[in-house]
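Visitor: First the structure, then my questions, so here it is.
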Amino acid sequence: MIETNRPAAAPAEDEPDLLRDQFRQLLRYRRLIGAGIAVGLLGGVYLGISTADTYVATADVVLRAPTDDPFNPSLAPDKAINIGSERQVALSSSIANEAAKKLGVSAAGFSALRSGLQVTNPPQTMVLRFTYTASSPKEAAKRANAMTEAYLLKRREALDITRDQMVKGYKDQRDPVSKQLDELAKEIARMPAGATRDAATSSKTDLQSEVGRYNGNITKLEALDMTPGRVTSAAVPPTSPDGPGLPMSLALGAAVGLALGLLAAWVRLVFDPAPRSEGDVARALRAPVLGCLPRDKTGGGPLLAAGEEDPRLAEEYRSVAFRLAYDSRFADRRRLLVVAPRGSSETAAAVAVNLAASFAETGKDVLLIEADLRTPVLASQLPTDAGGRPRWSQMPGGPAAGGHPGQHGDSDWPDGRQLVVDAGESGAFDLIPGERVRNVARALTSPRATRLVSEADSPNSTVVVLAPPVLSYADALALVDRVDGVLVVCDPRAVHRSDLSRIRELISGAGGTVLGAVLHAPVPGEKRGRGKQKGGREGGRAGAADAPAPRPPAQPLPRVAAEPEQHVPGDGTDTVALRTVRTGRR
């Protein structure tokens, strides 16, 4: 025998497989990805339409610094001109005002005129690029050239003003010195020869040198080339509208939307409490995934799968049965408890029935026990015949031995009724149908129920027990110490990882072992999630309405107080204790 309760860790060399698995998990959120693509396409449509009637014209201007020798290679215009400041000047309102005068734009259209201009500076150049966007190609080119001319004009005026102020400053400093020089020259002409005249002549020479320096600076400023720059590329009317066009906009929008959708799906995947893969289920339960039922074959049909009608589903059940048969923990005792986490037990019932048929196909004497005493349905949904081998019902203390319900503290179930289920080519197996009782806890823990489970001790026998959802009722925990091996049947999208960990803790604490899990897709007509089922009771079964109604009691039953609920700390979920159902005996 082999042990199957060994969740294998992915080796380091399986990194491509892990990436493919994560990508498949992202595809689970197709709605988010589709919403992202839809948003991207809408943005692409808006971009294509909004740019369909816009035209962009461009003009380039090379800036020059004032110089008296434009051919001197030692001059560095990039140090004399702050290109960032010039860019801000080109975008200023003074330039827009000058262009508005040339274009004849009114004050009402001034803001629109200024908003259409964009000035950029190509890296490592002294070029300002004037880009103007307008609704017509001619208007775009006209306004771009007007903005360029206005900028050059304003810059020329600013340079001229700066030069004139500097010339005026030099003249203001030269005039007092020149006046003093004239007066000194007159005094020297009247002085006799001697030391005094020589000293005055020396002062005259100094004043003449200072006046000459001022005149040289003035002459140099007046000789400067004040050209502010030149237009290297005038704006011309564009031949096509700006923008990528509608087809390209749609393609770009779809690409951006796909990226946004994948990002949203990844964020949703990171914070999704549900198991993202079979590995997550195996890690939470610390048990392997024994099988995955086909997506479109998990519910809505008969409980017993026929091999010819549904070969995929039948083979999946056989595969799970063989894996259990080779598990030493199950093969030693041949007892199996089938449960769902919470919600509907419809798929768990189908798994229990088909596993019983698969074991019967291998020649085992199989006894299927429906321990769901709240909503029993198997007797009404399976092809059964009364009879069967007289097993436990003839044991001492059973009804056939003279006992009666309620004797020696026993409850109303099991009452000795045993049915034979015809599984077609798989053979037949025995069924102990569930019955609605007044005290479920007493029925499940009664000596007769214990003797019923012990049928697996007989040679070549196997017992399969179906219990209600383990997180909705504690019925399964009351059977774990006698059954040991537990098979969890769940929809990985409708259960949280914390729920699976809690199931493992509860079963281990009760003395049992999780042998594995069987995964399935959502049952048709069942809402996904952890909410309450239709009818107001959590964990109700979809087929409960098909169960035969219990006969009314001959006299009113005594009111039985329900035991208090148990609160097990862990994930904040309340686990309901073994509760009683106030109903009549069938």
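Chain labels A, B, ... are given in the sequence in which chains occur in the structure tokens; within each chain residues are numbered consecutively from 1, and ligands are likewise numbered from 1 in the order shown.
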Excluding Asp332 (chain A) and residues on its chain fewer than 6 positions from it, collect all residues at most 12 Å away from it, counting only C-alpha atoms, and give them as number ranges by chain.
Guide: A: 1-3, 324-326, 456-462, 483-485
Visitor: Find the residues around region 237-240 of chain A up to 10 Å (only C-alpha atoms counted), leave out those fewer than 4 positions away in its own chain, and share them as a PyMOL selection string.
Guide: chain A and resi 52-58+136-142+144
Visitor: Output N, CA, C and O atoms of each residue in that selection to a file, as a PDB file, in the first residue's frame.
Guide:
```
ATOM      1  N   ALA A  52      -9.523  63.362 -34.541  1.00  0.00           N
ATOM      2  CA  ALA A  52      -9.789  63.224 -35.968  1.00  0.00           C
ATOM      3  C   ALA A  52      -9.806  64.567 -36.676  1.00  0.00           C
ATOM      4  O   ALA A  52      -9.513  64.650 -37.878  1.00  0.00           O
ATOM      5  N   ASP A  53     -10.153  65.658 -35.978  1.00  0.00           N
ATOM      6  CA  ASP A  53     -10.253  66.977 -36.616  1.00  0.00           C
ATOM      7  C   ASP A  53      -9.268  67.966 -36.014  1.00  0.00           C
ATOM      8  O   ASP A  53      -9.526  69.174 -35.985  1.00  0.00           O
ATOM      9  N   THR A  54      -8.144  67.519 -35.539  1.00  0.00           N
ATOM     10  CA  THR A  54      -7.105  68.401 -34.998  1.00  0.00           C
ATOM     11  C   THR A  54      -5.854  68.284 -35.862  1.00  0.00           C
ATOM     12  O   THR A  54      -5.446  67.183 -36.246  1.00  0.00           O
ATOM     13  N   TYR A  55      -5.262  69.448 -36.165  1.00  0.00           N
ATOM     14  CA  TYR A  55      -4.072  69.511 -37.010  1.00  0.00           C
ATOM     15  C   TYR A  55      -2.967  70.227 -36.246  1.00  0.00           C
ATOM     16  O   TYR A  55      -3.225  71.181 -35.501  1.00  0.00           O
ATOM     17  N   VAL A  56      -1.750  69.771 -36.445  1.00  0.00           N
ATOM     18  CA  VAL A  56      -0.605  70.291 -35.709  1.00  0.00           C
ATOM     19  C   VAL A  56       0.422  70.805 -36.705  1.00  0.00           C
ATOM     20  O   VAL A  56       0.834  70.087 -37.629  1.00  0.00           O
ATOM     21  N   ALA A  57       0.820  72.087 -36.529  1.00  0.00           N
ATOM     22  CA  ALA A  57       1.873  72.703 -37.340  1.00  0.00           C
ATOM     23  C   ALA A  57       3.044  73.046 -36.438  1.00  0.00           C
ATOM     24  O   ALA A  57       2.858  73.456 -35.287  1.00  0.00           O
ATOM     25  N   THR A  58       4.268  72.928 -36.969  1.00  0.00           N
ATOM     26  CA  THR A  58       5.469  73.090 -36.161  1.00  0.00           C
ATOM     27  C   THR A  58       6.439  74.048 -36.842  1.00  0.00           C
ATOM     28  O   THR A  58       6.652  73.961 -38.071  1.00  0.00           O
ATOM     29  N   SER A 136      -8.025  73.407 -38.156  1.00  0.00           N
ATOM     30  CA  SER A 136      -7.786  73.383 -39.603  1.00  0.00           C
ATOM     31  C   SER A 136      -6.287  73.482 -39.848  1.00  0.00           C
ATOM     32  O   SER A 136      -5.556  74.122 -39.086  1.00  0.00           O
ATOM     33  N   PRO A 137      -5.784  72.891 -40.922  1.00  0.00           N
ATOM     34  CA  PRO A 137      -4.337  72.918 -41.167  1.00  0.00           C
ATOM     35  C   PRO A 137      -3.799  74.320 -41.441  1.00  0.00           C
ATOM     36  O   PRO A 137      -2.721  74.680 -40.975  1.00  0.00           O
ATOM     37  N   LYS A 138      -4.535  75.143 -42.218  1.00  0.00           N
ATOM     38  CA  LYS A 138      -4.059  76.491 -42.503  1.00  0.00           C
ATOM     39  C   LYS A 138      -3.994  77.344 -41.246  1.00  0.00           C
ATOM     40  O   LYS A 138      -3.043  78.107 -41.041  1.00  0.00           O
ATOM     41  N   GLU A 139      -5.000  77.206 -40.397  1.00  0.00           N
ATOM     42  CA  GLU A 139      -5.014  77.993 -39.158  1.00  0.00           C
ATOM     43  C   GLU A 139      -3.877  77.568 -38.239  1.00  0.00           C
ATOM     44  O   GLU A 139      -3.254  78.419 -37.581  1.00  0.00           O
ATOM     45  N   ALA A 140      -3.592  76.295 -38.202  1.00  0.00           N
ATOM     46  CA  ALA A 140      -2.501  75.827 -37.351  1.00  0.00           C
ATOM     47  C   ALA A 140      -1.163  76.399 -37.821  1.00  0.00           C
ATOM     48  O   ALA A 140      -0.351  76.886 -37.018  1.00  0.00           O
ATOM     49  N   ALA A 141      -0.894  76.364 -39.125  1.00  0.00           N
ATOM     50  CA  ALA A 141       0.362  76.909 -39.637  1.00  0.00           C
ATOM     51  C   ALA A 141       0.433  78.421 -39.455  1.00  0.00           C
ATOM     52  O   ALA A 141       1.484  78.976 -39.091  1.00  0.00           O
ATOM     53  N   LYS A 142      -0.661  79.104 -39.709  1.00  0.00           N
ATOM     54  CA  LYS A 142      -0.680  80.558 -39.579  1.00  0.00           C
ATOM     55  C   LYS A 142      -0.400  80.992 -38.148  1.00  0.00           C
ATOM     56  O   LYS A 142       0.404  81.906 -37.910  1.00  0.00           O
ATOM     57  N   ALA A 144       1.076  79.210 -35.779  1.00  0.00           N
ATOM     58  CA  ALA A 144       2.425  78.821 -35.361  1.00  0.00           C
ATOM     59  C   ALA A 144       3.444  79.848 -35.844  1.00  0.00           C
ATOM     60  O   ALA A 144       4.345  80.261 -35.089  1.00  0.00           O
TER      61      ALA A 144
END
```
Visitor: Report the residues of region 85-251 of chain A whose backbone DSSP state falls under strand (DSSP E or B), written as a ChimeraX atom specification.
Guide: /A:117-120,127-134,225,229-233
Visitor: Output N, CA, C and O atoms for every residue in the selection just made, as a PDB file, in the first residue's frame.
Guide:
```
ATOM      1  N   LEU A 117      -0.903  76.558 -28.076  1.00  0.00           N
ATOM      2  CA  LEU A 117       0.536  76.611 -28.290  1.00  0.00           C
ATOM      3  C   LEU A 117       1.276  75.702 -27.314  1.00  0.00           C
ATOM      4  O   LEU A 117       0.944  75.633 -26.130  1.00  0.00           O
ATOM      5  N   GLN A 118       2.269  75.040 -27.840  1.00  0.00           N
ATOM      6  CA  GLN A 118       3.170  74.230 -27.019  1.00  0.00           C
ATOM      7  C   GLN A 118       4.594  74.465 -27.505  1.00  0.00           C
ATOM      8  O   GLN A 118       4.876  74.367 -28.705  1.00  0.00           O
ATOM      9  N   VAL A 119       5.496  74.809 -26.575  1.00  0.00           N
ATOM     10  CA  VAL A 119       6.885  75.110 -26.899  1.00  0.00           C
ATOM     11  C   VAL A 119       7.771  74.084 -26.210  1.00  0.00           C
ATOM     12  O   VAL A 119       7.664  73.877 -24.990  1.00  0.00           O
ATOM     13  N   THR A 120       8.625  73.442 -26.975  1.00  0.00           N
ATOM     14  CA  THR A 120       9.545  72.440 -26.442  1.00  0.00           C
ATOM     15  C   THR A 120      10.965  72.762 -26.891  1.00  0.00           C
ATOM     16  O   THR A 120      11.180  73.572 -27.819  1.00  0.00           O
ATOM     17  N   VAL A 127      17.416  75.259 -29.811  1.00  0.00           N
ATOM     18  CA  VAL A 127      16.247  75.374 -30.668  1.00  0.00           C
ATOM     19  C   VAL A 127      14.993  75.372 -29.812  1.00  0.00           C
ATOM     20  O   VAL A 127      14.861  74.562 -28.884  1.00  0.00           O
ATOM     21  N   LEU A 128      14.078  76.288 -30.133  1.00  0.00           N
ATOM     22  CA  LEU A 128      12.732  76.277 -29.557  1.00  0.00           C
ATOM     23  C   LEU A 128      11.771  75.834 -30.646  1.00  0.00           C
ATOM     24  O   LEU A 128      11.744  76.409 -31.750  1.00  0.00           O
ATOM     25  N   ARG A 129      10.984  74.803 -30.331  1.00  0.00           N
ATOM     26  CA  ARG A 129      10.044  74.245 -31.305  1.00  0.00           C
ATOM     27  C   ARG A 129       8.639  74.693 -30.916  1.00  0.00           C
ATOM     28  O   ARG A 129       8.107  74.324 -29.871  1.00  0.00           O
ATOM     29  N   PHE A 130       8.032  75.501 -31.790  1.00  0.00           N
ATOM     30  CA  PHE A 130       6.680  76.017 -31.579  1.00  0.00           C
ATOM     31  C   PHE A 130       5.709  75.055 -32.262  1.00  0.00           C
ATOM     32  O   PHE A 130       5.729  74.909 -33.499  1.00  0.00           O
ATOM     33  N   THR A 131       4.843  74.429 -31.472  1.00  0.00           N
ATOM     34  CA  THR A 131       3.856  73.481 -31.987  1.00  0.00           C
ATOM     35  C   THR A 131       2.470  74.035 -31.690  1.00  0.00           C
ATOM     36  O   THR A 131       2.144  74.311 -30.526  1.00  0.00           O
ATOM     37  N   TYR A 132       1.688  74.203 -32.736  1.00  0.00           N
ATOM     38  CA  TYR A 132       0.349  74.767 -32.551  1.00  0.00           C
ATOM     39  C   TYR A 132      -0.688  73.778 -33.067  1.00  0.00           C
ATOM     40  O   TYR A 132      -0.542  73.207 -34.155  1.00  0.00           O
ATOM     41  N   THR A 133      -1.749  73.576 -32.270  1.00  0.00           N
ATOM     42  CA  THR A 133      -2.833  72.658 -32.593  1.00  0.00           C
ATOM     43  C   THR A 133      -4.101  73.460 -32.864  1.00  0.00           C
ATOM     44  O   THR A 133      -4.517  74.280 -32.021  1.00  0.00           O
ATOM     45  N   ALA A 134      -4.700  73.246 -34.022  1.00  0.00           N
ATOM     46  CA  ALA A 134      -5.923  73.949 -34.403  1.00  0.00           C
ATOM     47  C   ALA A 134      -6.842  72.988 -35.136  1.00  0.00           C
ATOM     48  O   ALA A 134      -6.478  71.843 -35.441  1.00  0.00           O
ATOM     49  N   ASP A 225      25.677  92.669 -32.837  1.00  0.00           N
ATOM     50  CA  ASP A 225      24.645  92.102 -33.700  1.00  0.00           C
ATOM     51  C   ASP A 225      23.502  91.646 -32.791  1.00  0.00           C
ATOM     52  O   ASP A 225      23.620  90.668 -32.057  1.00  0.00           O
ATOM     53  N   GLY A 229      17.556  85.570 -33.183  1.00  0.00           N
ATOM     54  CA  GLY A 229      17.531  84.198 -33.670  1.00  0.00           C
ATOM     55  C   GLY A 229      16.995  84.145 -35.078  1.00  0.00           C
ATOM     56  O   GLY A 229      16.683  85.170 -35.680  1.00  0.00           O
ATOM     57  N   ARG A 230      16.894  82.953 -35.618  1.00  0.00           N
ATOM     58  CA  ARG A 230      16.381  82.820 -36.973  1.00  0.00           C
ATOM     59  C   ARG A 230      15.466  81.598 -37.037  1.00  0.00           C
ATOM     60  O   ARG A 230      15.622  80.635 -36.284  1.00  0.00           O
ATOM     61  N   VAL A 231      14.523  81.693 -37.930  1.00  0.00           N
ATOM     62  CA  VAL A 231      13.574  80.597 -38.135  1.00  0.00           C
ATOM     63  C   VAL A 231      14.220  79.581 -39.067  1.00  0.00           C
ATOM     64  O   VAL A 231      14.524  79.900 -40.224  1.00  0.00           O
ATOM     65  N   THR A 232      14.468  78.413 -38.575  1.00  0.00           N
ATOM     66  CA  THR A 232      15.080  77.367 -39.401  1.00  0.00           C
ATOM     67  C   THR A 232      14.043  76.520 -40.129  1.00  0.00           C
ATOM     68  O   THR A 232      14.348  75.902 -41.144  1.00  0.00           O
ATOM     69  N   SER A 233      12.835  76.479 -39.598  1.00  0.00           N
ATOM     70  CA  SER A 233      11.787  75.675 -40.232  1.00  0.00           C
ATOM     71  C   SER A 233      10.457  76.364 -39.981  1.00  0.00           C
ATOM     72  O   SER A 233       9.924  76.334 -38.864  1.00  0.00           O
TER      73      SER A 233
END
```
Visitor: At a cut-off of 12 Å, using only C-alpha atoms, what residues contact Leu27 (chain A)? Leave out same-chain residues fewer than 2 positions from it and give the result as a ChimeraX atom specification.
Guide: /A:20-25,29-34,258,261-266,268-269,276
Visitor: Please produce a file of the residues just selected, as a tab-separated table (two decimals), in the first residue's frame, where the atoms kept are C-alpha atoms.
Guide:
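Dumped to part-v8.tsv:
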```
chain	number	residue	atom	x	y	z
A	20	ARG	CA	1.58	28.83	-16.71
A	21	ASP	CA	-0.50	27.88	-13.69
A	22	GLN	CA	-0.60	31.49	-12.48
A	23	PHE	CA	-1.61	32.65	-15.94
A	24	ARG	CA	-4.45	30.12	-15.99
A	25	GLN	CA	-5.53	31.40	-12.58
A	29	TYR	CA	-11.32	36.51	-13.72
A	30	ARG	CA	-12.46	36.93	-17.30
A	31	ARG	CA	-14.98	39.59	-16.33
A	32	LEU	CA	-12.29	41.87	-14.91
A	33	ILE	CA	-10.10	41.35	-17.96
A	34	GLY	CA	-13.08	41.94	-20.26
A	258	LEU	CA	-5.77	44.34	-21.51
A	261	GLY	CA	-7.56	44.06	-16.87
A	262	LEU	CA	-4.63	41.74	-16.15
A	263	LEU	CA	-3.46	44.06	-13.38
A	264	ALA	CA	-6.95	44.11	-11.84
A	265	ALA	CA	-7.17	40.31	-12.15
A	266	TRP	CA	-3.76	39.94	-10.50
A	268	ARG	CA	-8.05	40.21	-7.26
A	269	LEU	CA	-6.07	36.97	-7.36
A	276	ARG	CA	-6.33	29.43	-6.47
```
Visitor: Report the distance between CA of Asp160 (chain A) and CA of Val62 (chain A) in Å, rounded to one decimal place.
Guide: 18.5 Å
Visitor: If we count only C-alpha atoms, what is near Gly48 (chain A) at a cut-off of 12 Å, once residues fewer than 5 positions away on the same chain are taken out, given as number ranges by chain?
Guide: A: 41-43, 53-54, 241-253
Visitor: Any chance you can output those residues with N, CA and C atoms as a CSV table (one decimal), in the first residue's frame?
Guide:
```
chain,number,residue,atom,x,y,z
A,41,LEU,N,-11.0,50.1,-25.0
A,41,LEU,CA,-11.6,50.3,-26.3
A,41,LEU,C,-12.4,51.6,-26.3
A,42,LEU,N,-13.1,51.9,-25.2
A,42,LEU,CA,-13.8,53.2,-25.1
A,42,LEU,C,-12.9,54.4,-25.1
A,43,GLY,N,-11.7,54.2,-24.4
A,43,GLY,CA,-10.7,55.3,-24.4
A,43,GLY,C,-10.1,55.4,-25.8
A,53,ASP,N,-10.2,65.7,-36.0
A,53,ASP,CA,-10.3,67.0,-36.6
A,53,ASP,C,-9.3,68.0,-36.0
A,54,THR,N,-8.1,67.5,-35.5
A,54,THR,CA,-7.1,68.4,-35.0
A,54,THR,C,-5.9,68.3,-35.9
A,241,PRO,N,-4.5,64.9,-40.2
A,241,PRO,CA,-4.8,65.3,-38.9
A,241,PRO,C,-3.8,64.6,-37.9
A,242,ASP,N,-3.8,65.2,-36.7
A,242,ASP,CA,-2.9,64.7,-35.6
A,242,ASP,C,-3.6,63.5,-35.0
A,243,GLY,N,-2.8,62.6,-34.4
A,243,GLY,CA,-3.3,61.5,-33.7
A,243,GLY,C,-3.1,60.2,-34.5
A,244,PRO,N,-3.2,59.1,-33.8
A,244,PRO,CA,-2.9,57.8,-34.5
A,244,PRO,C,-4.0,57.3,-35.4
A,245,GLY,N,-5.2,57.9,-35.4
A,245,GLY,CA,-6.3,57.4,-36.2
A,245,GLY,C,-7.2,56.4,-35.4
A,246,LEU,N,-8.4,56.2,-35.9
A,246,LEU,CA,-9.3,55.3,-35.2
A,246,LEU,C,-8.8,53.9,-35.1
A,247,PRO,N,-8.3,53.3,-36.1
A,247,PRO,CA,-7.8,51.9,-36.0
A,247,PRO,C,-6.7,51.7,-35.0
A,248,MET,N,-5.7,52.6,-35.1
A,248,MET,CA,-4.6,52.6,-34.2
A,248,MET,C,-5.0,52.9,-32.8
A,249,SER,N,-5.9,53.8,-32.6
A,249,SER,CA,-6.4,54.2,-31.3
A,249,SER,C,-7.1,53.0,-30.7
A,250,LEU,N,-7.9,52.3,-31.5
A,250,LEU,CA,-8.6,51.1,-30.9
A,250,LEU,C,-7.6,50.0,-30.5
A,251,ALA,N,-6.5,49.8,-31.3
A,251,ALA,CA,-5.5,48.9,-31.0
A,251,ALA,C,-4.8,49.3,-29.7
A,252,LEU,N,-4.4,50.5,-29.6
A,252,LEU,CA,-3.7,51.0,-28.4
A,252,LEU,C,-4.6,50.9,-27.2
A,253,GLY,N,-5.9,51.3,-27.4
A,253,GLY,CA,-6.8,51.1,-26.3
A,253,GLY,C,-7.0,49.7,-25.8
```
Visitor: Give me the residues within 12 Å of region 92-99 of chain A as a compact mmCIF listing (two decimals) with N, CA, C and O atoms, in the first residue's frame, counting only C-alpha atoms and dropping any in the same chain fewer than 2 places off.
Guide:
```txt
# COMPACT_ATOMS: atom_id res chain seq x y z
N SER A 85 14.42 79.53 -19.47
CA SER A 85 13.74 80.82 -19.30
C SER A 85 13.14 81.30 -20.61
O SER A 85 12.02 81.85 -20.64
N GLU A 86 13.87 81.08 -21.70
CA GLU A 86 13.35 81.50 -23.00
C GLU A 86 12.09 80.70 -23.36
O GLU A 86 11.17 81.23 -23.98
N ARG A 87 12.03 79.46 -22.96
CA ARG A 87 10.83 78.65 -23.23
C ARG A 87 9.63 79.21 -22.48
O ARG A 87 8.52 79.27 -23.03
N GLN A 88 9.86 79.62 -21.24
CA GLN A 88 8.75 80.20 -20.47
C GLN A 88 8.32 81.54 -21.06
O GLN A 88 7.13 81.87 -21.07
N VAL A 89 9.28 82.30 -21.56
CA VAL A 89 8.93 83.56 -22.20
C VAL A 89 8.09 83.32 -23.44
O VAL A 89 7.13 84.05 -23.72
N ALA A 90 8.43 82.29 -24.22
CA ALA A 90 7.66 81.99 -25.42
C ALA A 90 6.23 81.61 -25.11
O ALA A 90 5.34 81.81 -25.95
N LYS A 101 -2.47 90.47 -31.92
CA LYS A 101 -2.56 91.70 -32.71
C LYS A 101 -2.30 91.42 -34.19
O LYS A 101 -2.97 91.97 -35.06
N LYS A 102 -1.33 90.56 -34.48
CA LYS A 102 -1.02 90.24 -35.86
C LYS A 102 -2.15 89.45 -36.51
O LYS A 102 -2.45 89.63 -37.70
N LEU A 103 -2.78 88.54 -35.74
CA LEU A 103 -3.83 87.68 -36.28
C LEU A 103 -5.20 88.33 -36.23
O LEU A 103 -6.15 87.81 -36.83
N GLY A 104 -5.32 89.39 -35.49
CA GLY A 104 -6.63 90.03 -35.35
C GLY A 104 -7.59 89.24 -34.48
O GLY A 104 -8.80 89.27 -34.71
N VAL A 105 -7.05 88.55 -33.49
CA VAL A 105 -7.89 87.76 -32.58
C VAL A 105 -8.43 88.69 -31.50
O VAL A 105 -7.69 89.49 -30.91
N SER A 106 -9.71 88.55 -31.22
CA SER A 106 -10.34 89.37 -30.18
C SER A 106 -9.96 88.87 -28.79
O SER A 106 -9.35 87.81 -28.63
N ALA A 107 -10.36 89.67 -27.81
CA ALA A 107 -10.05 89.29 -26.43
C ALA A 107 -10.76 88.00 -26.03
O ALA A 107 -10.26 87.25 -25.18
N GLY A 109 -11.17 85.36 -27.83
CA GLY A 109 -10.45 84.19 -28.33
C GLY A 109 -9.01 84.13 -27.88
O GLY A 109 -8.24 83.29 -28.38
N PHE A 110 -8.63 85.03 -26.95
CA PHE A 110 -7.23 85.07 -26.53
C PHE A 110 -6.83 83.80 -25.77
O PHE A 110 -5.75 83.24 -26.01
N SER A 111 -7.70 83.32 -24.87
CA SER A 111 -7.36 82.12 -24.10
C SER A 111 -7.24 80.90 -25.00
O SER A 111 -6.35 80.07 -24.82
N ALA A 112 -8.12 80.79 -26.02
CA ALA A 112 -8.02 79.67 -26.95
C ALA A 112 -6.75 79.76 -27.78
O ALA A 112 -6.11 78.75 -28.10
N LEU A 113 -6.37 80.99 -28.14
CA LEU A 113 -5.13 81.17 -28.90
C LEU A 113 -3.93 80.72 -28.09
O LEU A 113 -3.03 80.05 -28.61
N ARG A 114 -3.91 81.06 -26.84
CA ARG A 114 -2.75 80.71 -26.01
C ARG A 114 -2.74 79.22 -25.66
O ARG A 114 -1.68 78.61 -25.55
N SER A 115 -3.92 78.61 -25.50
CA SER A 115 -3.98 77.21 -25.11
C SER A 115 -3.53 76.26 -26.21
O SER A 115 -3.12 75.12 -25.94
N GLY A 116 -3.60 76.71 -27.47
CA GLY A 116 -3.20 75.82 -28.55
C GLY A 116 -1.71 75.74 -28.77
O GLY A 116 -1.25 74.93 -29.59
N LEU A 117 -0.90 76.56 -28.08
CA LEU A 117 0.54 76.61 -28.29
C LEU A 117 1.28 75.70 -27.31
O LEU A 117 0.94 75.63 -26.13
N GLN A 118 2.27 75.04 -27.84
CA GLN A 118 3.17 74.23 -27.02
C GLN A 118 4.59 74.46 -27.50
O GLN A 118 4.88 74.37 -28.71
N VAL A 119 5.50 74.81 -26.57
CA VAL A 119 6.89 75.11 -26.90
C VAL A 119 7.77 74.08 -26.21
O VAL A 119 7.66 73.88 -24.99
N LYS A 142 -0.66 79.10 -39.71
CA LYS A 142 -0.68 80.56 -39.58
C LYS A 142 -0.40 80.99 -38.15
O LYS A 142 0.40 81.91 -37.91
N ARG A 143 -1.02 80.32 -37.21
CA ARG A 143 -0.83 80.72 -35.82
C ARG A 143 0.55 80.32 -35.30
O ARG A 143 1.14 81.03 -34.49
N ALA A 144 1.08 79.21 -35.78
CA ALA A 144 2.42 78.82 -35.36
C ALA A 144 3.44 79.85 -35.84
O ALA A 144 4.35 80.26 -35.09
N ASN A 145 3.33 80.30 -37.10
CA ASN A 145 4.26 81.31 -37.62
C ASN A 145 4.07 82.65 -36.91
O ASN A 145 5.05 83.37 -36.65
N ALA A 146 2.82 82.98 -36.59
CA ALA A 146 2.58 84.23 -35.88
C ALA A 146 3.20 84.20 -34.49
O ALA A 146 3.78 85.21 -34.03
N MET A 147 3.08 83.09 -33.81
CA MET A 147 3.69 82.96 -32.49
C MET A 147 5.22 83.05 -32.59
O MET A 147 5.89 83.67 -31.74
N THR A 148 5.79 82.47 -33.63
CA THR A 148 7.24 82.52 -33.81
C THR A 148 7.70 83.95 -34.06
O THR A 148 8.69 84.44 -33.45
N GLU A 149 7.03 84.66 -34.95
CA GLU A 149 7.40 86.04 -35.24
C GLU A 149 7.21 86.93 -34.02
O GLU A 149 8.05 87.82 -33.76
N ALA A 150 6.14 86.72 -33.28
CA ALA A 150 5.93 87.53 -32.08
C ALA A 150 7.02 87.28 -31.05
O ALA A 150 7.50 88.23 -30.40
N TYR A 151 7.45 86.05 -30.92
CA TYR A 151 8.51 85.76 -29.96
C TYR A 151 9.82 86.42 -30.38
O TYR A 151 10.51 87.06 -29.56
N LEU A 152 10.20 86.32 -31.68
CA LEU A 152 11.44 86.93 -32.13
C LEU A 152 11.38 88.45 -32.02
O LEU A 152 12.38 89.10 -31.65
N LEU A 153 10.24 89.02 -32.30
CA LEU A 153 10.09 90.47 -32.18
C LEU A 153 10.25 90.92 -30.73
O LEU A 153 10.97 91.89 -30.43
N LYS A 154 9.58 90.22 -29.85
CA LYS A 154 9.66 90.59 -28.44
C LYS A 154 11.08 90.38 -27.89
O LYS A 154 11.56 91.17 -27.08
N ARG A 155 11.73 89.33 -28.36
CA ARG A 155 13.10 89.10 -27.88
C ARG A 155 14.04 90.17 -28.43
O ARG A 155 14.93 90.66 -27.72
N GLU A 157 13.18 93.26 -29.15
CA GLU A 157 12.88 94.46 -28.36
C GLU A 157 13.52 94.38 -26.98
O GLU A 157 14.07 95.38 -26.49
N ALA A 158 13.47 93.22 -26.36
CA ALA A 158 14.08 93.09 -25.04
C ALA A 158 15.59 93.28 -25.11
O ALA A 158 16.19 93.94 -24.24
```
Visitor: Do a neighbour search on Ile369 (chain A) at 8 Å with only C-alpha atoms, toss out local chain neighbours closer than 3 positions, and write the hits as an MDAnalysis selection string.
Guide: chainID A and resid 431:434 463:466
Visitor: Between A:Asp327, A:Asp60, A:Glu361, A:Glu315, which has the minimum distance to Pro288 (chain A) (counting only C-alpha atoms)?
Guide: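 Using only C-alpha atoms, the shortest distance to Pro288 (chain A) belongs to A:Asp327.
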Visitor: Nearest residue to Ser446 (chain A) out of A:Ala474, A:Leu479, A:Ala331, A:Leu221, using only C-alpha atoms?
Guide: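 Closest to Ser446 (chain A) of all the choices is A:Leu479.
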Visitor: What does the distance between CA of Gly216 (chain A) and CA of Pro176 (chain A) come to in Å, to one decimal place?
Guide: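 Atom-to-atom, CA of Gly216 (chain A) to CA of Pro176 (chain A), that is 16.4 Å.
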Visitor: Could you check how far CA of Asn121 (chain A) sits from CA of Ile83 (chain A), in Å to one decimal?
Guide: 7.8 Å
Visitor: Can you tell me, as a list in words, what residues are no more than 7 Å from Arg497 (chain A) when counting only C-alpha atoms, ignoring any on the same chain fewer than 3 positions away?
Guide: Pro273, Ala274, Pro275, Ala284, Leu500 and Ser501 of chain A
Visitor: Run DSSP on the backbone and give me the residues of region 252-396 of chain A it puts in helix (DSSP H, G or I), as JSON, numbers by chain.
Guide: {"A": [252, 253, 254, 255, 256, 257, 258, 259, 260, 261, 262, 263, 264, 265, 266, 267, 268, 269, 270, 278, 279, 280, 281, 282, 283, 284, 285, 295, 296, 297, 311, 312, 313, 314, 315, 316, 317, 318, 319, 320, 321, 322, 323, 324, 325, 328, 329, 330, 331, 332, 333, 346, 347, 348, 349, 350, 351, 352, 353, 354, 355, 356, 357, 358, 359, 360, 361, 378, 379, 380, 381, 392, 393, 394]}
